[in-house]
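Student: I'd like to ask you about the structure that follows.
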Amino acid sequence: MKITLVCILILGISSLYARENHKISLNKNWKECAVKASENILEVSTGTIKVKWGISEKGMYLTELSEMQYRKQWISETSKKTSWNIPGVTEGDAIVKNITAKVDDDEGFTNKHLAVTVHFDYPATGSEVKMLVWLYNKSTGIRTQLLVKGPSGKPQEDVGILQRLPISPKGFESKLISYTKHNPGRMDTINQVMKPFMMEDIITAPYDKPRVFDKRLLLQLNDKEGSLVVVKEAPVIRNLWWDHSVCYHSGAFILSKEEISLTGVGIAKSDLKKEKFQPAYATWLVLGGSGDAELQYALKSFDRQRFPMVVERDLLTFANNWGSTDNTRDGKISSMEPSILEEIDACAETGIEAQQIDDGWQINKDWSIDPKAYPEGWKNVKKLAKEKGVKLGIWCDGDDVNMDKLISHVNNAGFIACKFDFYKTYTYEQVQDMMARARRLVKESKQPLIVNWDVTGGQPKDRGYFYGREYGNLWYRNVKQHNAGESHHTLYQPYNVLEDVWLLSKYVNAYDLQIGIQNTGRVFEKPSDAHLHSQSYAVAIALVGSMNFFYEVKYLSAEDRQEIKSILEPYKKVREDMHRGIVYPIGHKPNNRSWTGFQVHNHKEDRGYLTVFREIHNNKPRTKIALKFLKPGAKLHLTNLLTNKTWQISLNDKSMAEFQIEDPADFLFLKYNQF
């Protein structure tokens, strides 16, 4: 009888908990965004897309995902499986404590948005979960993220479910995208060629058994009616050299007949704290029109809202002294005061706006200024930089640096950039500590400061391409003058850098890429053909991103400095306008034989910029290249920004424009307007 009574009481309490969910209600609007919660439903809209969840005694489950203009509904059959699962945490019945909404901007690290929070209690485990939904005005997507707190437990191998979508991949063109980390593992040492930088896995039926795809960055589904892109905002990247450096709980995409799941929550029960909520990884759901260009537009438009550009810091041209040397000793010498003073002079003469001081300025472990490197501290470099109008940046070991001293250096010298190197991402603490360090550094800097995330090398500093970019950009590759260790993976080859940027710009906004530039005349001639390319060609590859002259500028000849200056001057006049547009790769994938390039299109004003390359082994002086988002037969007014020559063309019935470059290993930098 007592057992029966206890059971009745427990059932009664559970029913009471379940009934609590019905009392939650919310109705809030901000610009075009809206959130409505009533009974067991949460409905949100950005003014462009609409998403709806059901709320049950176990959590939340997705019931609608639709693009409002075309009325395409992606969920045809509702499943009451919850959208997330954290082993040992989200077990038993869930109680909705409250639902709130407010306008927020994450302390200025993202655009303003309507932030919706659904707060759940899991009494069986003593844990609490908040689901955050960020709604940007007229956005093509939404961002969701879990925050978790509760008692810590034993480590578990199960990485959990970050996002469950009741969408069958059958009937769609499905692609899974991954990028490879640039380290010695990318080099095929037998054939002396680079392994593929990007993998686009086209997924086809059958889906009789769940198919697991790990280390993938995003999934895209596409049909004649529209496209869906699912992104993990997590440090996901393929590391071909150091298998055990996979970032903590990065998980996989799982495709089955009935659903798509993203594993890898990014936090486990062993990571929890009772006193505070801690973040898991986030997910983007982005909807767009049908076709590759429309999909890219939707994704990169949302990306720009999530990671907005800061003009006064993100578009500066940088030099870094490390890439001229072939050993650590010489690299550190190049970071000392006598060398950096020469570099500041050379940057000013060449038109480069900032000089970054790499490894060698510090006393290791202490992070004070090494008096042998800078006898009077930052006094002399700061004075000369001010006289020459050159800004300064700094390097640090992100895992080891004393943050109090680093912030003091940043503010005393006025550094506007900090390259974070050698951080670790093995554990939850390491991942979150590095994010907290970056946030603190940017917030406590007296001037706008950008973090340059070094994602190169075999060390476990996995960053991916959609993680941490609210603090800065991605130093995705070292491109040096030498072939250290004969592996050639760092040796600068123009076509290979062009290929990397071309592939990255399909899915990532290029202005957040630090694109390496080398002194073509000093690069080892075998196996590189950099010496057969002009200095301006190397610079032109980086026009669509953040320029990084990864060498000692003082070694440039007077003629080379003038050549670089002649392209930087017209670029600076248009760069702010240029980067109001979105970058798209055009032509063929670079392979040293292609006609290739980039289109920067301003969607609001239907105009933009073009960089077109005729690679060195291409024997055709003329070609036709299809342009995106311009109608067949459109008439364009073109301006060569390097010569000021103007002319007019008409696109053909496939929206292709004809271009002419007389010599191989040359390029065009153009502005276009429709008339």
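Simple scheme: letters A, B, ... for chains in structure tokens order, numbers from 1 for residues in each chain, numbers from 1 for ligands in the order shown.
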Could you give me, as JSON lines, every region 112-194 of chain A residue with an atom at most 8 Å from region 480-501 of chain A, plus its closest atom pair and distance in Å to one decimal, counting only C-alpha atoms, rows ordered by chain then number?
Tutor:
{"residue": "A:His182", "atom": "CA", "partner": "A:His489", "partner_atom": "CA", "distance": 7.7}
{"residue": "A:Asn183", "atom": "CA", "partner": "A:His489", "partner_atom": "CA", "distance": 6.6}
{"residue": "A:Pro184", "atom": "CA", "partner": "A:His489", "partner_atom": "CA", "distance": 5.7}
{"residue": "A:Arg186", "atom": "CA", "partner": "A:His489", "partner_atom": "CA", "distance": 6.9}
{"residue": "A:Met187", "atom": "CA", "partner": "A:His489", "partner_atom": "CA", "distance": 5.7}
{"residue": "A:Thr189", "atom": "CA", "partner": "A:Ser487", "partner_atom": "CA", "distance": 6.6}
{"residue": "A:Gln192", "atom": "CA", "partner": "A:His488", "partner_atom": "CA", "distance": 7.9}
{"residue": "A:Met194", "atom": "CA", "partner": "A:His489", "partner_atom": "CA", "distance": 7.6}
Student: Print the selection's residues with N, CA and C atoms to a file, as a compact mmCIF listing (two decimals), in the first residue's frame.
Tutor:
# COMPACT_ATOMS: atom_id res chain seq x y z
N HIS A 182 45.83 22.74 -42.57
CA HIS A 182 47.07 22.83 -43.34
C HIS A 182 48.25 22.53 -42.42
N ASN A 183 48.80 21.32 -42.57
CA ASN A 183 49.96 20.88 -41.80
C ASN A 183 50.70 19.84 -42.63
N PRO A 184 51.77 19.22 -42.12
CA PRO A 184 52.50 18.25 -42.94
C PRO A 184 51.65 17.12 -43.49
N ARG A 186 48.97 17.33 -45.06
CA ARG A 186 48.40 17.68 -46.37
C ARG A 186 49.35 17.36 -47.52
N MET A 187 50.61 17.10 -47.20
CA MET A 187 51.59 16.90 -48.25
C MET A 187 51.75 15.42 -48.57
N THR A 189 54.09 13.18 -49.71
CA THR A 189 55.55 13.28 -49.85
C THR A 189 56.09 12.40 -50.97
N GLN A 192 54.73 14.51 -54.06
CA GLN A 192 55.01 15.93 -53.88
C GLN A 192 53.86 16.81 -54.38
N MET A 194 49.83 18.41 -52.95
CA MET A 194 48.98 18.62 -51.80
C MET A 194 47.73 17.74 -51.89
Student: So that I can see what lies close to region 26-42 of chain A, please list as a list in words the residues with an atom at most 9 Å from it, counting only C-alpha atoms and leaving out residues fewer than 6 positions away in the same chain.
Tutor: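 The filter keeps Thr48, Val51, Lys52, Trp53, Gly54, Ile55, Ser56, Met60, Ile99, Thr100, Ala101, Lys102, Val103, His113, Leu114, Val116, Leu135, Tyr136, Asn137, Lys138 and Ser139 of chain A.
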Student: Quick one, how far is CA of Asn85 (chain A) from CA of Pro169 (chain A)?
Tutor: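 Here the two named atoms are 21.3 Å from each other.
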Student: Considering only C-alpha atoms, return as a ChimeraX atom specification whatever protein or nucleic-acid residues lie within 6 Å of Phe172 (chain A), sequence-local ones (same chain, fewer than 3 positions apart) excluded.
Tutor: /A:169,221-223
Student: Please produce an output containing C-alpha atoms for each residue in the selection, written as a PDB file, in the first residue's frame.
Tutor:
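Printed below is result_14.pdb as written:
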ATOM      1  CA  PRO A 169      17.598  13.298 -46.738  1.00  0.00           C
ATOM      2  CA  LEU A 221      20.340  19.790 -48.846  1.00  0.00           C
ATOM      3  CA  ASN A 222      19.106  21.163 -52.144  1.00  0.00           C
ATOM      4  CA  ASP A 223      16.217  20.576 -54.528  1.00  0.00           C
TER       5      ASP A 223
END
Student: Could you list, as a PDB file with all heavy atoms, in the first residue's frame, every residue within 12 Å of Ser368 (chain A), counting only C-alpha atoms and ignoring same-chain residues fewer than 6 positions away?
Tutor:
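And here's around39.pdb as it stands now:
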ATOM      1  N   GLY A 360      59.625  36.124 -30.246  1.00  0.00           N
ATOM      2  CA  GLY A 360      60.985  36.594 -30.034  1.00  0.00           C
ATOM      3  C   GLY A 360      61.071  37.858 -29.209  1.00  0.00           C
ATOM      4  O   GLY A 360      62.155  38.250 -28.761  1.00  0.00           O
ATOM      5  N   TRP A 361      59.951  38.499 -28.956  1.00  0.00           N
ATOM      6  CA  TRP A 361      59.945  39.751 -28.182  1.00  0.00           C
ATOM      7  C   TRP A 361      59.919  39.514 -26.682  1.00  0.00           C
ATOM      8  O   TRP A 361      60.215  40.416 -25.892  1.00  0.00           O
ATOM      9  CB  TRP A 361      58.730  40.597 -28.570  1.00  0.00           C
ATOM     10  CG  TRP A 361      57.394  39.937 -28.288  1.00  0.00           C
ATOM     11  CD1 TRP A 361      56.653  39.194 -29.142  1.00  0.00           C
ATOM     12  CD2 TRP A 361      56.670  39.957 -27.053  1.00  0.00           C
ATOM     13  NE1 TRP A 361      55.502  38.736 -28.542  1.00  0.00           N
ATOM     14  CE2 TRP A 361      55.490  39.198 -27.252  1.00  0.00           C
ATOM     15  CE3 TRP A 361      56.898  40.538 -25.813  1.00  0.00           C
ATOM     16  CZ2 TRP A 361      54.539  39.005 -26.256  1.00  0.00           C
ATOM     17  CZ3 TRP A 361      55.947  40.343 -24.802  1.00  0.00           C
ATOM     18  CH2 TRP A 361      54.791  39.587 -25.034  1.00  0.00           C
ATOM     19  N   GLN A 362      59.611  38.279 -26.236  1.00  0.00           N
ATOM     20  CA  GLN A 362      59.220  38.006 -24.857  1.00  0.00           C
ATOM     21  C   GLN A 362      60.221  37.133 -24.123  1.00  0.00           C
ATOM     22  O   GLN A 362      61.028  36.422 -24.727  1.00  0.00           O
ATOM     23  CB  GLN A 362      57.857  37.305 -24.853  1.00  0.00           C
ATOM     24  CG  GLN A 362      57.882  35.819 -25.218  1.00  0.00           C
ATOM     25  CD  GLN A 362      58.109  35.525 -26.693  1.00  0.00           C
ATOM     26  OE1 GLN A 362      58.190  36.408 -27.517  1.00  0.00           O
ATOM     27  NE2 GLN A 362      58.219  34.243 -27.021  1.00  0.00           N
ATOM     28  N   TYR A 374      64.334  44.197 -26.708  1.00  0.00           N
ATOM     29  CA  TYR A 374      63.812  45.574 -26.657  1.00  0.00           C
ATOM     30  C   TYR A 374      64.344  46.245 -25.397  1.00  0.00           C
ATOM     31  O   TYR A 374      63.667  46.270 -24.362  1.00  0.00           O
ATOM     32  CB  TYR A 374      62.276  45.566 -26.685  1.00  0.00           C
ATOM     33  CG  TYR A 374      61.712  45.106 -28.003  1.00  0.00           C
ATOM     34  CD1 TYR A 374      61.526  43.746 -28.261  1.00  0.00           C
ATOM     35  CD2 TYR A 374      61.407  46.017 -29.008  1.00  0.00           C
ATOM     36  CE1 TYR A 374      61.045  43.312 -29.483  1.00  0.00           C
ATOM     37  CE2 TYR A 374      60.921  45.593 -30.237  1.00  0.00           C
ATOM     38  CZ  TYR A 374      60.749  44.238 -30.470  1.00  0.00           C
ATOM     39  OH  TYR A 374      60.277  43.822 -31.698  1.00  0.00           O
ATOM     40  N   PRO A 375      65.574  46.765 -25.456  1.00  0.00           N
ATOM     41  CA  PRO A 375      66.210  47.330 -24.260  1.00  0.00           C
ATOM     42  C   PRO A 375      65.400  48.438 -23.599  1.00  0.00           C
ATOM     43  O   PRO A 375      65.463  48.604 -22.374  1.00  0.00           O
ATOM     44  CB  PRO A 375      67.544  47.872 -24.801  1.00  0.00           C
ATOM     45  CG  PRO A 375      67.807  47.070 -26.042  1.00  0.00           C
ATOM     46  CD  PRO A 375      66.463  46.804 -26.630  1.00  0.00           C
ATOM     47  N   GLY A 377      62.023  48.701 -23.874  1.00  0.00           N
ATOM     48  CA  GLY A 377      60.623  48.307 -23.988  1.00  0.00           C
ATOM     49  C   GLY A 377      60.069  48.660 -25.353  1.00  0.00           C
ATOM     50  O   GLY A 377      60.768  48.614 -26.369  1.00  0.00           O
ATOM     51  N   TRP A 378      58.805  49.037 -25.375  1.00  0.00           N
ATOM     52  CA  TRP A 378      58.140  49.348 -26.651  1.00  0.00           C
ATOM     53  C   TRP A 378      58.383  50.793 -27.096  1.00  0.00           C
ATOM     54  O   TRP A 378      57.877  51.212 -28.135  1.00  0.00           O
ATOM     55  CB  TRP A 378      56.635  49.119 -26.531  1.00  0.00           C
ATOM     56  CG  TRP A 378      56.230  47.740 -26.143  1.00  0.00           C
ATOM     57  CD1 TRP A 378      55.512  47.374 -25.051  1.00  0.00           C
ATOM     58  CD2 TRP A 378      56.519  46.534 -26.850  1.00  0.00           C
ATOM     59  NE1 TRP A 378      55.327  46.016 -25.015  1.00  0.00           N
ATOM     60  CE2 TRP A 378      55.937  45.466 -26.117  1.00  0.00           C
ATOM     61  CE3 TRP A 378      57.220  46.234 -28.020  1.00  0.00           C
ATOM     62  CZ2 TRP A 378      56.033  44.146 -26.514  1.00  0.00           C
ATOM     63  CZ3 TRP A 378      57.323  44.900 -28.426  1.00  0.00           C
ATOM     64  CH2 TRP A 378      56.732  43.882 -27.677  1.00  0.00           C
ATOM     65  N   CYS A 396      51.497  35.799 -29.575  1.00  0.00           N
ATOM     66  CA  CYS A 396      51.636  35.162 -28.262  1.00  0.00           C
ATOM     67  C   CYS A 396      51.353  33.674 -28.369  1.00  0.00           C
ATOM     68  O   CYS A 396      50.722  33.206 -29.321  1.00  0.00           O
ATOM     69  CB  CYS A 396      50.703  35.801 -27.227  1.00  0.00           C
ATOM     70  SG  CYS A 396      48.967  35.313 -27.392  1.00  0.00           S
ATOM     71  N   VAL A 401      50.433  32.176 -22.388  1.00  0.00           N
ATOM     72  CA  VAL A 401      50.639  33.598 -22.119  1.00  0.00           C
ATOM     73  C   VAL A 401      49.976  34.041 -20.815  1.00  0.00           C
ATOM     74  O   VAL A 401      48.907  33.551 -20.437  1.00  0.00           O
ATOM     75  CB  VAL A 401      50.110  34.451 -23.299  1.00  0.00           C
ATOM     76  CG1 VAL A 401      48.591  34.379 -23.396  1.00  0.00           C
ATOM     77  CG2 VAL A 401      50.576  35.889 -23.197  1.00  0.00           C
ATOM     78  N   ASN A 402      50.637  34.962 -20.122  1.00  0.00           N
ATOM     79  CA  ASN A 402      50.066  35.613 -18.946  1.00  0.00           C
ATOM     80  C   ASN A 402      49.143  36.721 -19.455  1.00  0.00           C
ATOM     81  O   ASN A 402      49.601  37.706 -20.025  1.00  0.00           O
ATOM     82  CB  ASN A 402      51.194  36.186 -18.084  1.00  0.00           C
ATOM     83  CG  ASN A 402      50.694  36.881 -16.839  1.00  0.00           C
ATOM     84  OD1 ASN A 402      49.877  37.800 -16.903  1.00  0.00           O
ATOM     85  ND2 ASN A 402      51.209  36.464 -15.698  1.00  0.00           N
ATOM     86  N   MET A 403      47.848  36.565 -19.248  1.00  0.00           N
ATOM     87  CA  MET A 403      46.887  37.489 -19.848  1.00  0.00           C
ATOM     88  C   MET A 403      47.000  38.898 -19.275  1.00  0.00           C
ATOM     89  O   MET A 403      46.817  39.878 -20.001  1.00  0.00           O
ATOM     90  CB  MET A 403      45.466  36.964 -19.669  1.00  0.00           C
ATOM     91  CG  MET A 403      45.121  35.786 -20.579  1.00  0.00           C
ATOM     92  SD  MET A 403      45.297  36.168 -22.342  1.00  0.00           S
ATOM     93  CE  MET A 403      44.059  37.445 -22.549  1.00  0.00           C
ATOM     94  N   ASP A 404      47.290  39.023 -18.005  1.00  0.00           N
ATOM     95  CA  ASP A 404      47.445  40.361 -17.419  1.00  0.00           C
ATOM     96  C   ASP A 404      48.576  41.118 -18.104  1.00  0.00           C
ATOM     97  O   ASP A 404      48.442  42.302 -18.446  1.00  0.00           O
ATOM     98  CB  ASP A 404      47.712  40.263 -15.919  1.00  0.00           C
ATOM     99  CG  ASP A 404      46.498  39.791 -15.135  1.00  0.00           C
ATOM    100  OD1 ASP A 404      45.360  40.027 -15.612  1.00  0.00           O
ATOM    101  OD2 ASP A 404      46.681  39.187 -14.067  1.00  0.00           O
ATOM    102  N   LYS A 405      49.696  40.429 -18.322  1.00  0.00           N
ATOM    103  CA  LYS A 405      50.834  41.083 -18.968  1.00  0.00           C
ATOM    104  C   LYS A 405      50.550  41.344 -20.446  1.00  0.00           C
ATOM    105  O   LYS A 405      50.953  42.384 -20.989  1.00  0.00           O
ATOM    106  CB  LYS A 405      52.095  40.247 -18.788  1.00  0.00           C
ATOM    107  CG  LYS A 405      52.617  40.261 -17.355  1.00  0.00           C
ATOM    108  CD  LYS A 405      53.963  39.583 -17.227  1.00  0.00           C
ATOM    109  CE  LYS A 405      54.480  39.687 -15.791  1.00  0.00           C
ATOM    110  NZ  LYS A 405      55.793  39.021 -15.635  1.00  0.00           N
ATOM    111  N   LEU A 406      49.890  40.400 -21.116  1.00  0.00           N
ATOM    112  CA  LEU A 406      49.568  40.603 -22.528  1.00  0.00           C
ATOM    113  C   LEU A 406      48.687  41.834 -22.709  1.00  0.00           C
ATOM    114  O   LEU A 406      48.930  42.670 -23.588  1.00  0.00           O
ATOM    115  CB  LEU A 406      48.865  39.368 -23.096  1.00  0.00           C
ATOM    116  CG  LEU A 406      48.413  39.477 -24.558  1.00  0.00           C
ATOM    117  CD1 LEU A 406      49.600  39.683 -25.488  1.00  0.00           C
ATOM    118  CD2 LEU A 406      47.604  38.254 -24.972  1.00  0.00           C
ATOM    119  N   ILE A 407      47.670  41.966 -21.883  1.00  0.00           N
ATOM    120  CA  ILE A 407      46.771  43.123 -21.982  1.00  0.00           C
ATOM    121  C   ILE A 407      47.525  44.407 -21.688  1.00  0.00           C
ATOM    122  O   ILE A 407      47.300  45.440 -22.330  1.00  0.00           O
ATOM    123  CB  ILE A 407      45.566  42.935 -21.033  1.00  0.00           C
ATOM    124  CG1 ILE A 407      44.677  41.794 -21.545  1.00  0.00           C
ATOM    125  CG2 ILE A 407      44.766  44.223 -20.917  1.00  0.00           C
ATOM    126  CD1 ILE A 407      43.636  41.326 -20.558  1.00  0.00           C
ATOM    127  N   SER A 408      48.465  44.353 -20.734  1.00  0.00           N
ATOM    128  CA  SER A 408      49.285  45.530 -20.440  1.00  0.00           C
ATOM    129  C   SER A 408      50.127  45.918 -21.653  1.00  0.00           C
ATOM    130  O   SER A 408      50.215  47.099 -22.012  1.00  0.00           O
ATOM    131  CB  SER A 408      50.193  45.248 -19.234  1.00  0.00           C
ATOM    132  OG  SER A 408      51.055  46.339 -18.990  1.00  0.00           O
ATOM    133  N   HIS A 409      50.733  44.934 -22.335  1.00  0.00           N
ATOM    134  CA  HIS A 409      51.514  45.212 -23.546  1.00  0.00           C
ATOM    135  C   HIS A 409      50.630  45.819 -24.635  1.00  0.00           C
ATOM    136  O   HIS A 409      51.016  46.784 -25.303  1.00  0.00           O
ATOM    137  CB  HIS A 409      52.160  43.929 -24.072  1.00  0.00           C
ATOM    138  CG  HIS A 409      53.196  43.338 -23.178  1.00  0.00           C
ATOM    139  ND1 HIS A 409      54.166  44.084 -22.559  1.00  0.00           N
ATOM    140  CD2 HIS A 409      53.416  42.043 -22.800  1.00  0.00           C
ATOM    141  CE1 HIS A 409      54.938  43.287 -21.833  1.00  0.00           C
ATOM    142  NE2 HIS A 409      54.499  42.046 -21.959  1.00  0.00           N
TER     143      HIS A 409
END
Student: Considering only C-alpha atoms, tabulate each residue of region 240-343 of chain A that lies at most 10 Å from region 583-586 of chain A along with its nearest interatomic pair and the corresponding distance in Å to one decimal; arrange the rows by chain and ascending residue number and present them as CSV.
Tutor:
residue,atom,partner,partner_atom,distance
A:Ala293,CA,A:Tyr584,CA,8.1
A:Gln296,CA,A:Tyr584,CA,8.0
A:Tyr297,CA,A:Tyr584,CA,8.7
A:Lys300,CA,A:Val583,CA,8.8
Student: Kindly save the residues from that selection, with all heavy atoms included, as a short mmCIF file (atom, residue, chain, number, x, y, z; two decimals), in the first residue's frame.
Tutor:
data_model
loop_
_atom_site.label_atom_id
_atom_site.label_comp_id
_atom_site.auth_asym_id
_atom_site.auth_seq_id
_atom_site.Cartn_x
_atom_site.Cartn_y
_atom_site.Cartn_z
N ALA A 293 24.59 29.09 -56.05
CA ALA A 293 24.84 30.50 -55.75
C ALA A 293 23.88 31.01 -54.68
O ALA A 293 24.27 31.74 -53.76
CB ALA A 293 24.72 31.34 -57.01
N GLN A 296 24.92 29.69 -51.31
CA GLN A 296 26.07 30.44 -50.79
C GLN A 296 25.64 31.81 -50.26
O GLN A 296 26.12 32.26 -49.22
CB GLN A 296 27.12 30.63 -51.88
CG GLN A 296 27.86 29.37 -52.28
CD GLN A 296 28.95 29.66 -53.30
OE1 GLN A 296 29.68 30.64 -53.16
NE2 GLN A 296 29.07 28.82 -54.31
N TYR A 297 24.76 32.46 -50.99
CA TYR A 297 24.28 33.78 -50.55
C TYR A 297 23.59 33.69 -49.20
O TYR A 297 23.85 34.50 -48.29
CB TYR A 297 23.32 34.37 -51.58
CG TYR A 297 22.58 35.58 -51.08
CD1 TYR A 297 23.22 36.79 -50.86
CD2 TYR A 297 21.22 35.50 -50.78
CE1 TYR A 297 22.55 37.89 -50.36
CE2 TYR A 297 20.53 36.60 -50.28
CZ TYR A 297 21.20 37.79 -50.08
OH TYR A 297 20.53 38.88 -49.58
N LYS A 300 26.28 32.89 -46.39
CA LYS A 300 27.22 33.97 -46.09
C LYS A 300 26.52 35.23 -45.60
O LYS A 300 27.10 36.03 -44.85
CB LYS A 300 28.10 34.24 -47.31
CG LYS A 300 29.16 33.15 -47.48
CD LYS A 300 30.08 33.38 -48.66
CE LYS A 300 29.53 32.82 -49.92
NZ LYS A 300 30.54 32.74 -51.01
#
Student: Tell me, as a list in words, which residues lie within 8 Å of Thr90 (chain A), counting only C-alpha atoms; anything in the same chain fewer than 4 positions away does not count.
Tutor: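 Answer for this query is Asn85, Ile86, Ala94, Tyr122, Thr125 and Ser127 of chain A.
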Student: What would the file look like if the residues just selected were written as an mmCIF file, in the first residue's frame with N, CA, C and O atoms?
Tutor:
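That gives us again-v7.cif:
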data_model
loop_
_atom_site.group_PDB
_atom_site.id
_atom_site.type_symbol
_atom_site.label_atom_id
_atom_site.label_comp_id
_atom_site.auth_asym_id
_atom_site.auth_seq_id
_atom_site.Cartn_x
_atom_site.Cartn_y
_atom_site.Cartn_z
ATOM 1 N N ASN A 85 20.131 15.706 -26.698
ATOM 2 C CA ASN A 85 20.303 14.688 -25.662
ATOM 3 C C ASN A 85 21.724 14.769 -25.128
ATOM 4 O O ASN A 85 22.692 14.651 -25.879
ATOM 5 N N ILE A 86 21.833 15.003 -23.821
ATOM 6 C CA ILE A 86 23.136 15.014 -23.159
ATOM 7 C C ILE A 86 23.124 13.868 -22.152
ATOM 8 O O ILE A 86 22.396 13.924 -21.152
ATOM 9 N N ALA A 94 11.210 16.771 -18.186
ATOM 10 C CA ALA A 94 11.731 18.140 -18.220
ATOM 11 C C ALA A 94 10.626 19.110 -17.840
ATOM 12 O O ALA A 94 9.475 18.957 -18.259
ATOM 13 N N TYR A 122 15.673 19.553 -15.139
ATOM 14 C CA TYR A 122 15.633 18.084 -15.196
ATOM 15 C C TYR A 122 15.821 17.554 -13.783
ATOM 16 O O TYR A 122 16.954 17.304 -13.336
ATOM 17 N N THR A 125 18.130 14.431 -12.684
ATOM 18 C CA THR A 125 19.594 14.532 -12.675
ATOM 19 C C THR A 125 20.093 15.765 -11.928
ATOM 20 O O THR A 125 21.301 15.969 -11.808
ATOM 21 N N SER A 127 19.872 18.748 -12.997
ATOM 22 C CA SER A 127 20.496 19.615 -14.002
ATOM 23 C C SER A 127 19.490 20.601 -14.577
ATOM 24 O O SER A 127 18.274 20.400 -14.492
#
Student: Could you work out how far CA of Gly251 (chain A) lies from CA of Tyr423 (chain A), giving the answer in Å with one decimal?
Tutor: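 Taking CA of Tyr423 (chain A) as the start and CA of Gly251 (chain A) as the end point, the length is 20.4 Å.
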Student: Name all residues at most 12 Å from Gly126 (chain A) (count only C-alpha atoms; drop same-chain ones fewer than 4 positions away) and give them as a PyMOL selection string.
Tutor: chain A and resi 88-95+120-122+148-153+269+272-274
Student: Between A:Tyr70, A:Phe675, A:Phe318, A:Tyr426, single out the one closest to Gly545 (chain A), counting only C-alpha atoms.
Tutor: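 Of A:Tyr70, A:Phe675, A:Phe318, A:Tyr426, the one nearest Gly545 (chain A), counting only C-alpha atoms, is A:Phe318.
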